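Pasting work.cif here (mmCIF, C-alpha atoms):
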```
data_final
loop_
_atom_site.label_atom_id
_atom_site.label_comp_id
_atom_site.auth_asym_id
_atom_site.auth_seq_id
_atom_site.Cartn_x
_atom_site.Cartn_y
_atom_site.Cartn_z
CA MET A 6 124.59 -20.48 84.44
CA ALA A 7 122.02 -18.02 83.04
CA ASP A 8 123.25 -15.07 81.09
CA THR A 9 122.99 -11.83 83.02
CA ALA A 10 123.45 -8.31 81.73
CA PRO A 11 126.57 -6.64 83.03
CA PRO A 12 125.90 -3.88 85.55
CA LEU A 13 126.17 -0.33 84.35
CA PRO A 14 129.42 1.35 85.17
CA LEU A 15 129.29 3.63 88.18
CA LYS A 16 130.40 6.49 86.00
CA GLY A 17 127.48 5.93 83.63
CA ARG A 18 125.00 5.81 86.45
CA ARG A 19 126.34 9.03 87.86
CA GLN A 20 125.99 10.64 84.48
CA ASP A 21 122.35 9.48 84.19
CA ALA A 22 121.54 10.78 87.65
CA GLY A 23 123.24 14.03 86.81
CA ALA A 24 121.29 14.26 83.57
CA THR A 25 118.04 13.84 85.50
CA ALA A 26 118.91 16.50 88.05
CA THR A 27 120.24 19.02 85.53
CA PRO A 28 116.84 20.56 84.53
CA VAL A 29 115.91 21.04 88.19
CA ALA A 30 119.20 22.72 88.89
CA LEU A 31 118.73 24.93 85.86
CA ARG A 32 115.26 25.97 87.00
CA ARG A 33 116.59 26.90 90.40
CA LYS A 34 119.41 28.97 88.92
CA ALA A 35 117.27 30.80 86.34
CA THR A 36 117.98 34.50 86.30
CA LEU A 37 115.33 37.19 86.59
CA TRP A 38 115.44 37.86 82.86
CA GLN A 39 115.02 34.13 82.10
CA ARG A 40 111.98 33.95 84.35
CA ILE A 41 110.50 37.07 82.72
CA LYS A 42 111.08 35.57 79.27
CA ARG A 43 109.54 32.28 80.35
CA ASP A 44 106.41 33.89 81.84
CA LYS A 45 106.07 36.76 79.36
CA VAL A 46 102.52 35.82 78.34
CA MET A 47 101.22 35.80 81.90
CA LEU A 48 103.05 39.05 82.67
CA LEU A 49 101.49 40.72 79.64
CA LEU A 50 98.05 39.63 80.84
CA CYS A 51 98.77 41.20 84.26
CA LEU A 52 100.18 44.40 82.77
CA PRO A 53 96.85 46.33 82.31
CA GLY A 54 95.82 45.72 85.92
CA LEU A 55 99.29 46.62 87.16
CA LEU A 56 99.27 49.87 85.18
CA TYR A 57 95.81 50.73 86.53
CA PHE A 58 96.87 50.42 90.15
CA LEU A 59 100.18 52.13 89.47
CA VAL A 60 98.67 55.17 87.74
CA PHE A 61 95.49 55.65 89.75
CA HIS A 62 96.44 54.33 93.20
CA TYR A 63 100.19 54.45 93.81
CA VAL A 64 101.36 57.52 91.87
CA PRO A 65 98.68 59.75 93.52
CA LEU A 66 100.15 58.82 96.92
CA LEU A 67 102.96 61.27 96.13
CA GLY A 68 100.36 64.04 96.42
CA TYR A 69 100.20 63.47 100.17
CA VAL A 70 103.24 65.73 100.42
CA THR A 71 100.70 68.58 100.45
CA ALA A 72 99.71 67.42 103.96
CA PHE A 73 103.01 68.89 105.14
CA GLN A 74 102.88 72.07 103.05
CA ASP A 75 100.93 75.28 102.79
CA TYR A 76 100.12 74.14 99.30
CA GLN A 77 99.18 76.69 96.66
CA PRO A 78 98.27 75.33 93.20
CA TYR A 79 99.90 78.23 91.36
CA LEU A 80 103.19 77.60 93.20
CA GLY A 81 103.24 73.82 92.88
CA TYR A 82 104.83 71.23 95.13
CA ALA A 83 108.35 72.57 94.84
CA ASP A 84 107.68 76.19 95.82
CA SER A 85 104.88 75.80 98.39
CA ALA A 86 105.95 76.59 101.96
CA TRP A 87 106.78 73.63 104.20
CA VAL A 88 104.75 73.64 107.45
CA GLY A 89 105.54 70.19 108.82
CA LEU A 90 102.76 68.94 111.10
CA GLY A 91 101.02 72.32 111.15
CA ASN A 92 98.13 71.14 108.97
CA PHE A 93 97.47 68.22 111.31
CA ALA A 94 97.45 70.55 114.31
CA THR A 95 95.02 72.89 112.53
CA ALA A 96 92.64 70.04 111.69
CA PHE A 97 92.77 68.52 115.16
CA ALA A 98 92.04 71.91 116.73
CA GLU A 99 88.81 72.41 114.75
CA PRO A 100 85.55 71.28 116.41
CA ALA A 101 84.15 70.63 112.92
CA PHE A 102 86.78 67.95 112.37
CA TRP A 103 85.86 66.03 115.52
CA SER A 104 82.18 66.42 114.67
CA ALA A 105 82.90 64.87 111.27
CA VAL A 106 84.84 62.03 112.95
CA ARG A 107 81.95 61.36 115.33
CA ASN A 108 79.39 61.34 112.52
CA THR A 109 81.60 59.13 110.36
CA LEU A 110 82.09 56.54 113.09
CA THR A 111 78.40 56.56 114.00
CA ILE A 112 77.30 55.96 110.42
CA ALA A 113 80.03 53.36 109.81
CA LEU A 114 79.13 51.35 112.93
CA VAL A 115 75.41 51.39 112.14
CA GLU A 116 76.10 50.22 108.58
CA LEU A 117 78.56 47.57 109.77
CA VAL A 118 76.15 46.09 112.31
CA PHE A 119 72.90 46.31 110.33
CA PHE A 120 74.06 46.10 106.71
CA PHE A 121 77.05 43.73 106.68
CA PRO A 122 75.12 40.60 107.84
CA LEU A 123 72.22 41.12 105.39
CA PRO A 124 73.98 39.99 102.18
CA ILE A 125 75.10 36.86 104.02
CA ALA A 126 71.56 36.09 105.21
CA LEU A 127 70.10 36.86 101.78
CA ALA A 128 72.66 34.59 100.09
CA LEU A 129 71.78 31.76 102.47
CA LEU A 130 68.09 32.22 101.67
CA LEU A 131 68.74 32.27 97.92
CA ASN A 132 70.92 29.18 98.21
CA SER A 133 68.06 27.31 99.91
CA VAL A 134 65.60 28.01 97.07
CA VAL A 135 64.98 24.75 95.22
CA SER A 136 63.69 26.16 91.94
CA ASP A 137 66.50 27.48 89.71
CA LYS A 138 64.11 29.75 87.80
CA LEU A 139 62.80 31.33 90.99
CA ARG A 140 66.35 31.81 92.31
CA ARG A 141 67.48 33.53 89.11
CA PHE A 142 64.42 35.78 89.12
CA VAL A 143 64.97 36.85 92.74
CA GLN A 144 68.67 37.42 92.09
CA SER A 145 67.89 39.66 89.11
CA VAL A 146 65.42 41.68 91.17
CA VAL A 147 67.75 42.22 94.14
CA TYR A 148 70.75 42.99 91.89
CA LEU A 149 68.95 45.70 89.91
CA PRO A 150 69.11 48.59 92.48
CA HIS A 151 72.91 48.41 92.48
CA PHE A 152 72.96 49.90 88.96
CA ILE A 153 70.77 52.87 89.93
CA GLY A 154 72.64 56.08 90.73
CA TRP A 155 72.48 57.74 94.12
CA VAL A 156 70.70 60.75 92.67
CA ILE A 157 67.77 58.57 91.62
CA ILE A 158 67.74 56.62 94.89
CA VAL A 159 67.73 59.77 97.03
CA SER A 160 64.93 61.18 94.87
CA ILE A 161 62.88 57.99 95.38
CA PHE A 162 63.34 58.13 99.14
CA GLN A 163 62.44 61.81 99.10
CA GLN A 164 59.16 60.97 97.35
CA VAL A 165 58.40 58.26 99.92
CA LEU A 166 59.82 59.57 103.22
CA GLY A 167 60.20 63.33 102.55
CA GLY A 168 58.01 66.08 103.90
CA ALA A 169 55.54 65.83 101.00
CA GLY A 170 56.07 62.10 100.48
CA VAL A 171 53.84 59.09 100.80
CA LEU A 172 54.61 58.26 104.43
CA PRO A 173 53.85 61.73 105.88
CA GLU A 174 50.61 61.84 103.87
CA LEU A 175 49.56 58.44 105.24
CA LEU A 176 50.33 59.55 108.79
CA ASP A 177 48.39 62.77 108.25
CA SER A 178 45.39 60.92 106.85
CA ALA A 179 45.43 58.60 109.88
CA GLY A 180 45.37 61.56 112.26
CA LEU A 181 48.99 61.11 113.34
CA PRO A 182 51.74 63.77 113.34
CA ARG A 183 53.59 64.13 110.05
CA TYR A 184 57.15 62.86 110.11
CA ASP A 185 59.88 63.86 107.67
CA MET A 186 62.66 61.30 108.01
CA MET A 187 64.74 62.94 105.29
CA SER A 188 65.35 66.03 107.45
CA ASP A 189 65.63 64.34 110.88
CA PRO A 190 69.27 64.59 112.09
CA ASP A 191 68.79 61.80 114.65
CA ALA A 192 67.53 59.39 111.99
CA PHE A 193 70.22 60.26 109.43
CA PRO A 194 72.51 57.22 110.08
CA TRP A 195 69.49 54.90 109.89
CA LEU A 196 68.29 56.56 106.69
CA LEU A 197 71.68 56.06 105.05
CA THR A 198 71.75 52.42 106.15
CA LEU A 199 68.24 51.83 104.81
CA GLN A 200 69.23 53.29 101.45
CA LEU A 201 72.42 51.20 101.37
CA VAL A 202 70.46 48.03 102.18
CA TRP A 203 68.00 48.67 99.36
CA LYS A 204 70.76 49.47 96.87
CA ASP A 205 73.56 46.99 97.61
CA ALA A 206 72.27 44.11 99.76
CA GLY A 207 71.51 42.02 96.68
CA TRP A 208 74.78 42.89 94.99
CA GLY A 209 76.71 41.86 98.09
CA THR A 210 75.36 38.31 97.83
CA ILE A 211 77.44 37.53 94.73
CA ILE A 212 80.65 36.72 96.61
CA ILE A 213 78.79 34.78 99.33
CA LEU A 214 76.93 32.69 96.75
CA ALA A 215 80.23 31.92 95.04
CA ALA A 216 81.68 30.82 98.39
CA LEU A 217 78.66 28.57 99.00
CA LEU A 218 79.32 26.79 95.69
CA THR A 219 82.79 25.76 96.91
CA ILE A 220 81.40 23.74 99.84
CA ASP A 221 81.57 20.01 99.15
CA ARG A 222 78.05 18.55 98.81
CA GLN A 223 79.26 15.34 100.45
CA GLN A 224 79.58 17.21 103.74
CA TYR A 225 75.84 17.93 103.68
CA GLU A 226 75.09 14.31 102.81
CA ALA A 227 77.30 13.03 105.62
CA ALA A 228 75.69 15.44 108.09
CA ALA A 229 72.20 14.36 106.98
CA ILE A 230 73.14 10.69 107.39
CA ASP A 231 74.32 11.47 110.93
CA GLY A 232 70.86 12.88 111.67
CA SER A 233 71.62 16.62 111.44
CA GLY A 234 68.69 18.87 110.62
CA ARG A 235 68.73 22.05 108.55
CA LEU A 236 69.90 24.28 111.38
CA ARG A 237 72.70 21.95 112.44
CA ARG A 238 73.90 21.61 108.83
CA LEU A 239 73.81 25.39 108.56
CA TRP A 240 75.81 25.82 111.76
CA HIS A 241 78.36 23.02 111.28
CA VAL A 242 78.79 22.91 107.48
CA THR A 243 77.61 26.09 105.76
CA LEU A 244 78.88 28.77 108.12
CA PRO A 245 82.37 27.23 108.57
CA GLY A 246 82.55 26.84 104.78
CA ILE A 247 81.98 30.54 104.10
CA ALA A 248 83.80 31.81 107.22
CA PRO A 249 87.09 32.64 105.38
CA VAL A 250 85.25 34.76 102.80
CA VAL A 251 83.15 36.50 105.47
CA ILE A 252 86.26 37.32 107.51
CA LEU A 253 87.99 38.63 104.39
CA LEU A 254 85.06 40.93 103.60
CA LEU A 255 84.88 42.09 107.22
CA ILE A 256 88.58 43.02 107.23
CA LEU A 257 88.21 44.95 103.97
CA ASN A 258 85.15 46.77 105.36
CA LEU A 259 87.13 47.77 108.44
CA GLY A 260 89.72 49.32 106.14
CA GLN A 261 86.97 51.50 104.63
CA ILE A 262 85.29 52.34 107.94
CA LEU A 263 86.15 56.06 107.59
CA SER A 264 84.70 56.20 104.05
CA VAL A 265 80.92 56.01 104.30
CA GLY A 266 79.74 57.11 100.87
CA PHE A 267 80.62 60.59 99.67
CA GLU A 268 78.00 61.04 96.95
CA GLN A 269 75.16 59.59 99.01
CA ILE A 270 75.86 61.90 101.96
CA LEU A 271 76.66 64.99 99.90
CA LEU A 272 73.21 64.82 98.29
CA GLN A 273 71.48 64.83 101.70
CA ARG A 274 73.87 66.83 103.90
CA ASP A 275 72.02 70.14 103.59
CA ALA A 276 68.69 68.56 104.61
CA VAL A 277 69.99 67.59 108.07
CA GLY A 278 72.70 70.24 108.49
CA PRO A 279 76.48 69.93 108.88
CA GLU A 280 76.14 68.99 112.56
CA ALA A 281 74.64 65.61 111.62
CA GLY A 282 75.57 65.28 107.95
CA GLU A 283 79.24 66.28 107.89
CA VAL A 284 81.59 63.30 107.55
CA LEU A 285 85.30 63.16 106.81
CA ASP A 286 84.77 62.84 103.05
CA THR A 287 82.56 65.93 102.88
CA TYR A 288 84.88 67.75 105.31
CA VAL A 289 87.77 67.17 102.90
CA TYR A 290 85.64 68.25 99.94
CA PHE A 291 84.43 71.53 101.44
CA HIS A 292 87.81 72.47 102.93
CA GLY A 293 89.91 71.46 99.93
CA ILE A 294 87.78 72.03 96.83
CA LYS A 295 85.51 74.86 97.96
CA ASP A 296 87.64 76.72 100.52
CA GLY A 297 91.02 76.01 98.93
CA ASP A 298 92.58 74.74 102.18
CA TRP A 299 94.51 72.00 100.41
CA GLY A 300 97.01 71.23 103.14
CA VAL A 301 94.46 70.56 105.88
CA SER A 302 92.36 68.46 103.51
CA ALA A 303 95.37 66.38 102.53
CA ALA A 304 96.27 65.93 106.20
CA VAL A 305 92.79 64.59 106.98
CA GLY A 306 92.97 62.29 103.96
CA LEU A 307 96.33 60.97 105.14
CA VAL A 308 94.91 60.31 108.61
CA LYS A 309 92.09 58.33 107.00
CA ALA A 310 94.56 56.25 104.98
CA VAL A 311 96.78 55.52 107.98
CA VAL A 312 93.85 54.56 110.22
CA GLY A 313 92.43 52.29 107.51
CA THR A 314 95.79 50.58 107.02
CA VAL A 315 96.25 50.03 110.76
CA LEU A 316 92.74 48.56 111.06
CA VAL A 317 93.31 46.17 108.14
CA LEU A 318 96.68 44.98 109.46
CA GLY A 319 95.37 44.64 113.00
CA ALA A 320 92.24 42.75 111.95
CA ASN A 321 94.30 40.50 109.70
CA LYS A 322 96.67 39.72 112.58
CA LEU A 323 93.68 38.93 114.80
CA ALA A 324 92.31 36.59 112.11
CA HIS A 325 95.66 34.76 112.07
CA HIS A 326 95.45 34.43 115.84
CA PHE A 327 92.12 32.59 115.51
CA GLY A 328 93.42 30.31 112.76
CA HIS A 329 92.10 32.10 109.65
CA GLU A 330 94.12 33.34 106.70
CA GLY A 331 92.59 36.82 106.52
CA ILE A 332 93.56 38.81 103.45
CA TYR A 333 97.05 37.32 103.16
CA ARG A 334 99.09 34.55 104.69
CA GLY A 335 101.49 35.32 107.49
CA ALA A 336 105.20 34.75 107.00
CA ASP A 337 105.10 31.78 109.39
CA ARG A 338 102.15 30.06 107.72
#
```
With the file now loaded, output its structure as structure tokens.
Amino acid sequence: MADTAPPLPLKGRRQDAGATATPVALRRKATLWQRIKRDKVMLLLCLPGLLYFLVFHYVPLLGYVTAFQDYQPYLGYADSAWVGLGNFATAFAEPAFWSAVRNTLTIALVELVFFFPLPIALALLLNSVVSDKLRRFVQSVVYLPHFIGWVIIVSIFQQVLGGAGVLPELLDSAGLPRYDMMSDPDAFPWLLTLQLVWKDAGWGTIIILAALLTIDRQQYEAAAIDGSGRLRRLWHVTLPGIAPVVILLLILNLGQILSVGFEQILLQRDAVGPEAGEVLDTYVYFHGIKDGDWGVSAAVGLVKAVVGTVLVLGANKLAHHFGHEGIYRGADR
């Protein structure tokens, strides 16, 4: 009979199994302090960003208490009179407030419809360029306006489209009526959108180009083998590949729909008048900073924040309904 090794005792086997499971059990039972000590390097790397958002985004939220006070800077938060919802009632009763809301929504919708798709289209065009040198050159050219300040951009448009600019002079020399787009209230939303396109369309392609790089090249090869042309590959491979990023950017833009560019509009508000150029950001500035009506300004700012939050949460929930992740995963995903 061949020699066989005696089986391990049951007790020994239980000890070995217990020894194997012990580290897992320890990891599950680690205390908060143990986890902090274990991940201290990563936490230290996150600390500067955390402090930035804490100091400049979360702590200032406490200032919204002025929306419910007749706030006076020399009295401070503690001694200013409490008025409850009186500031909201005052703002909602002013025709200037509703005019600012109407102008804000008009400008935001025009920019959303005519500006938001352009970086996507431009990124698709850049991605189709075969020559790397040509692509880098075009990217550098379209990125450059982003780093130019609004003061310079408005001055450039004034020299081209203003009353004494190039376009009115060309129309005059051709025997046509002069047209000053910079002072036309009806054209003001389109003027702002045109300026935004020239300044930030190229910069907005960065995220889309990064999303295009994540698409597996084998999908294009498989589609080409199946006989798909350029348009079908675009429709069935490219667009579904960048859809999560596009939806994410759309949701974030909806959250900022009531903020349409304070500096850009402030520089051109007087040219078209408050009736066409007053938006919620400039309304808050002139009421709070210039007129000293801090409570009403804070109330309007709080309304903007609440509306933006509701739009983001609602759009994110709608994205989940259509099978997309949105800006965060749902609890049931």
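When CA of Arg238 (chain A) is paired with CA of Lys322 (chain A), their separation reads 29.3 Å.
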Item to check | Distance query His329 (chain A) at most 12 Å, all atoms listed in the file, self and fewer than 5 positions along chain excluded, as a PyMOL selection string | outcome: chain A and resi 245-253+256+320-324+334-335+338
Item to check | Selection dump of the PyMOL selection byres ((chain A and resi 260) around 8), as an MDAnalysis selection string | outcome: chainID A and resid 256:259 261:263 312:314 316:317
Checklist entry - Mind pulling up the distance from CA of Gly319 (chain A) to CA of Ala126 (chain A)? => result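 Result for CA of Ala126 (chain A) versus CA of Gly319 (chain A): 26.5 Å, one decimal.
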Next on the checklist: Taking the file as I've supplied it (selection: the PyMOL selection byres ((chain A and resi 269) around 8)), which residues are included? Please answer as a list in words.
Outcome noted: Trp155, Val156, Val159, Leu197, Gly266, Phe267, Glu268, Ile270, Leu271, Leu272 and Gln273 of chain A
Checklist entry - Which residues fall under the PyMOL selection byres ((chain A and resi 110) around 12) in this file, as a list in words? => result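 Output from the PyMOL selection byres ((chain A and resi 110) around 12), applied to this file: Trp103, Ser104, Ala105, Val106, Arg107, Asn108, Thr109, Thr111, Ile112, Ala113, Leu114, Val115, Glu116, Leu117, Pro194, Leu259, Gln261, Ile262, Leu263, Ser264, Val265, Ala281, Glu283, Val284, Leu285 and Lys309 of chain A.
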As a PDB file, in the coordinates of the input, could you write out region 136-147 of chain A once it has been completed with all heavy atoms?
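Output file selection-v6.pdb follows:
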```pdb
ATOM      1  N   SER A 136      63.934  25.888  93.352  1.00  0.00           N
ATOM      2  CA  SER A 136      63.690  26.160  91.940  1.00  0.00           C
ATOM      3  C   SER A 136      64.773  27.096  91.381  1.00  0.00           C
ATOM      4  O   SER A 136      64.994  28.194  91.901  1.00  0.00           O
ATOM      5  CB  SER A 136      62.317  26.806  91.758  1.00  0.00           C
ATOM      6  OG  SER A 136      62.125  27.216  90.425  1.00  0.00           O
ATOM      7  N   ASP A 137      65.467  26.654  90.336  1.00  0.00           N
ATOM      8  CA  ASP A 137      66.500  27.480  89.710  1.00  0.00           C
ATOM      9  C   ASP A 137      65.903  28.729  89.068  1.00  0.00           C
ATOM     10  O   ASP A 137      66.503  29.811  89.119  1.00  0.00           O
ATOM     11  CB  ASP A 137      67.259  26.671  88.661  1.00  0.00           C
ATOM     12  CG  ASP A 137      68.132  25.593  89.281  1.00  0.00           C
ATOM     13  OD1 ASP A 137      68.484  25.740  90.465  1.00  0.00           O
ATOM     14  OD2 ASP A 137      68.456  24.606  88.589  1.00  0.00           O
ATOM     15  N   LYS A 138      64.736  28.600  88.446  1.00  0.00           N
ATOM     16  CA  LYS A 138      64.110  29.750  87.800  1.00  0.00           C
ATOM     17  C   LYS A 138      63.729  30.811  88.825  1.00  0.00           C
ATOM     18  O   LYS A 138      63.947  32.010  88.600  1.00  0.00           O
ATOM     19  CB  LYS A 138      62.878  29.300  87.022  1.00  0.00           C
ATOM     20  CG  LYS A 138      63.189  28.443  85.805  1.00  0.00           C
ATOM     21  CD  LYS A 138      61.926  28.109  85.030  1.00  0.00           C
ATOM     22  CE  LYS A 138      62.252  27.271  83.799  1.00  0.00           C
ATOM     23  NZ  LYS A 138      61.012  26.925  83.036  1.00  0.00           N
ATOM     24  N   LEU A 139      63.171  30.382  89.945  1.00  0.00           N
ATOM     25  CA  LEU A 139      62.800  31.330  90.990  1.00  0.00           C
ATOM     26  C   LEU A 139      64.035  32.006  91.573  1.00  0.00           C
ATOM     27  O   LEU A 139      64.035  33.211  91.830  1.00  0.00           O
ATOM     28  CB  LEU A 139      62.004  30.630  92.085  1.00  0.00           C
ATOM     29  CG  LEU A 139      61.564  31.490  93.273  1.00  0.00           C
ATOM     30  CD1 LEU A 139      60.678  32.645  92.797  1.00  0.00           C
ATOM     31  CD2 LEU A 139      60.850  30.647  94.316  1.00  0.00           C
ATOM     32  N   ARG A 140      65.126  31.237  91.763  1.00  0.00           N
ATOM     33  CA  ARG A 140      66.350  31.810  92.310  1.00  0.00           C
ATOM     34  C   ARG A 140      66.920  32.863  91.364  1.00  0.00           C
ATOM     35  O   ARG A 140      67.330  33.937  91.802  1.00  0.00           O
ATOM     36  CB  ARG A 140      67.378  30.714  92.555  1.00  0.00           C
ATOM     37  CG  ARG A 140      68.647  31.226  93.241  1.00  0.00           C
ATOM     38  CD  ARG A 140      69.750  30.193  93.300  1.00  0.00           C
ATOM     39  NE  ARG A 140      69.301  28.986  93.964  1.00  0.00           N
ATOM     40  CZ  ARG A 140      69.199  27.806  93.373  1.00  0.00           C
ATOM     41  NH1 ARG A 140      69.495  27.680  92.082  1.00  0.00           N
ATOM     42  NH2 ARG A 140      68.802  26.753  94.045  1.00  0.00           N
ATOM     43  N   ARG A 141      66.950  32.562  90.076  1.00  0.00           N
ATOM     44  CA  ARG A 141      67.480  33.530  89.110  1.00  0.00           C
ATOM     45  C   ARG A 141      66.612  34.789  89.054  1.00  0.00           C
ATOM     46  O   ARG A 141      67.125  35.908  88.928  1.00  0.00           O
ATOM     47  CB  ARG A 141      67.564  32.884  87.729  1.00  0.00           C
ATOM     48  CG  ARG A 141      68.579  31.756  87.623  1.00  0.00           C
ATOM     49  CD  ARG A 141      68.826  31.386  86.175  1.00  0.00           C
ATOM     50  NE  ARG A 141      69.625  30.177  86.050  1.00  0.00           N
ATOM     51  CZ  ARG A 141      69.122  28.957  85.827  1.00  0.00           C
ATOM     52  NH1 ARG A 141      67.812  28.810  85.672  1.00  0.00           N
ATOM     53  NH2 ARG A 141      69.915  27.914  85.741  1.00  0.00           N
ATOM     54  N   PHE A 142      65.309  34.618  89.154  1.00  0.00           N
ATOM     55  CA  PHE A 142      64.420  35.780  89.120  1.00  0.00           C
ATOM     56  C   PHE A 142      64.653  36.673  90.344  1.00  0.00           C
ATOM     57  O   PHE A 142      64.766  37.904  90.213  1.00  0.00           O
ATOM     58  CB  PHE A 142      62.965  35.321  89.084  1.00  0.00           C
ATOM     59  CG  PHE A 142      61.968  36.440  89.216  1.00  0.00           C
ATOM     60  CD1 PHE A 142      61.713  37.303  88.155  1.00  0.00           C
ATOM     61  CD2 PHE A 142      61.291  36.648  90.420  1.00  0.00           C
ATOM     62  CE1 PHE A 142      60.809  38.342  88.279  1.00  0.00           C
ATOM     63  CE2 PHE A 142      60.393  37.682  90.555  1.00  0.00           C
ATOM     64  CZ  PHE A 142      60.149  38.528  89.481  1.00  0.00           C
ATOM     65  N   VAL A 143      64.743  36.065  91.508  1.00  0.00           N
ATOM     66  CA  VAL A 143      64.970  36.850  92.740  1.00  0.00           C
ATOM     67  C   VAL A 143      66.335  37.519  92.688  1.00  0.00           C
ATOM     68  O   VAL A 143      66.484  38.688  93.076  1.00  0.00           O
ATOM     69  CB  VAL A 143      64.839  35.945  93.981  1.00  0.00           C
ATOM     70  CG1 VAL A 143      65.211  36.714  95.242  1.00  0.00           C
ATOM     71  CG2 VAL A 143      63.429  35.399  94.093  1.00  0.00           C
ATOM     72  N   GLN A 144      67.338  36.821  92.191  1.00  0.00           N
ATOM     73  CA  GLN A 144      68.670  37.420  92.090  1.00  0.00           C
ATOM     74  C   GLN A 144      68.651  38.629  91.156  1.00  0.00           C
ATOM     75  O   GLN A 144      69.262  39.669  91.462  1.00  0.00           O
ATOM     76  CB  GLN A 144      69.664  36.381  91.556  1.00  0.00           C
ATOM     77  CG  GLN A 144      70.067  35.343  92.590  1.00  0.00           C
ATOM     78  CD  GLN A 144      71.004  34.305  92.009  1.00  0.00           C
ATOM     79  OE1 GLN A 144      70.961  34.014  90.813  1.00  0.00           O
ATOM     80  NE2 GLN A 144      71.856  33.736  92.838  1.00  0.00           N
ATOM     81  N   SER A 145      67.961  38.523  90.036  1.00  0.00           N
ATOM     82  CA  SER A 145      67.890  39.660  89.110  1.00  0.00           C
ATOM     83  C   SER A 145      67.202  40.853  89.743  1.00  0.00           C
ATOM     84  O   SER A 145      67.616  42.002  89.555  1.00  0.00           O
ATOM     85  CB  SER A 145      67.147  39.234  87.836  1.00  0.00           C
ATOM     86  OG  SER A 145      67.811  38.168  87.192  1.00  0.00           O
ATOM     87  N   VAL A 146      66.156  40.594  90.530  1.00  0.00           N
ATOM     88  CA  VAL A 146      65.420  41.680  91.170  1.00  0.00           C
ATOM     89  C   VAL A 146      66.267  42.383  92.222  1.00  0.00           C
ATOM     90  O   VAL A 146      66.302  43.618  92.290  1.00  0.00           O
ATOM     91  CB  VAL A 146      64.110  41.144  91.786  1.00  0.00           C
ATOM     92  CG1 VAL A 146      63.436  42.223  92.637  1.00  0.00           C
ATOM     93  CG2 VAL A 146      63.158  40.675  90.690  1.00  0.00           C
ATOM     94  N   VAL A 147      66.973  41.606  93.052  1.00  0.00           N
ATOM     95  CA  VAL A 147      67.750  42.220  94.140  1.00  0.00           C
ATOM     96  C   VAL A 147      69.061  42.818  93.626  1.00  0.00           C
ATOM     97  O   VAL A 147      69.655  43.669  94.297  1.00  0.00           O
ATOM     98  CB  VAL A 147      68.027  41.202  95.268  1.00  0.00           C
ATOM     99  CG1 VAL A 147      66.732  40.731  95.893  1.00  0.00           C
ATOM    100  CG2 VAL A 147      68.841  40.021  94.756  1.00  0.00           C
TER     101      VAL A 147
END
```
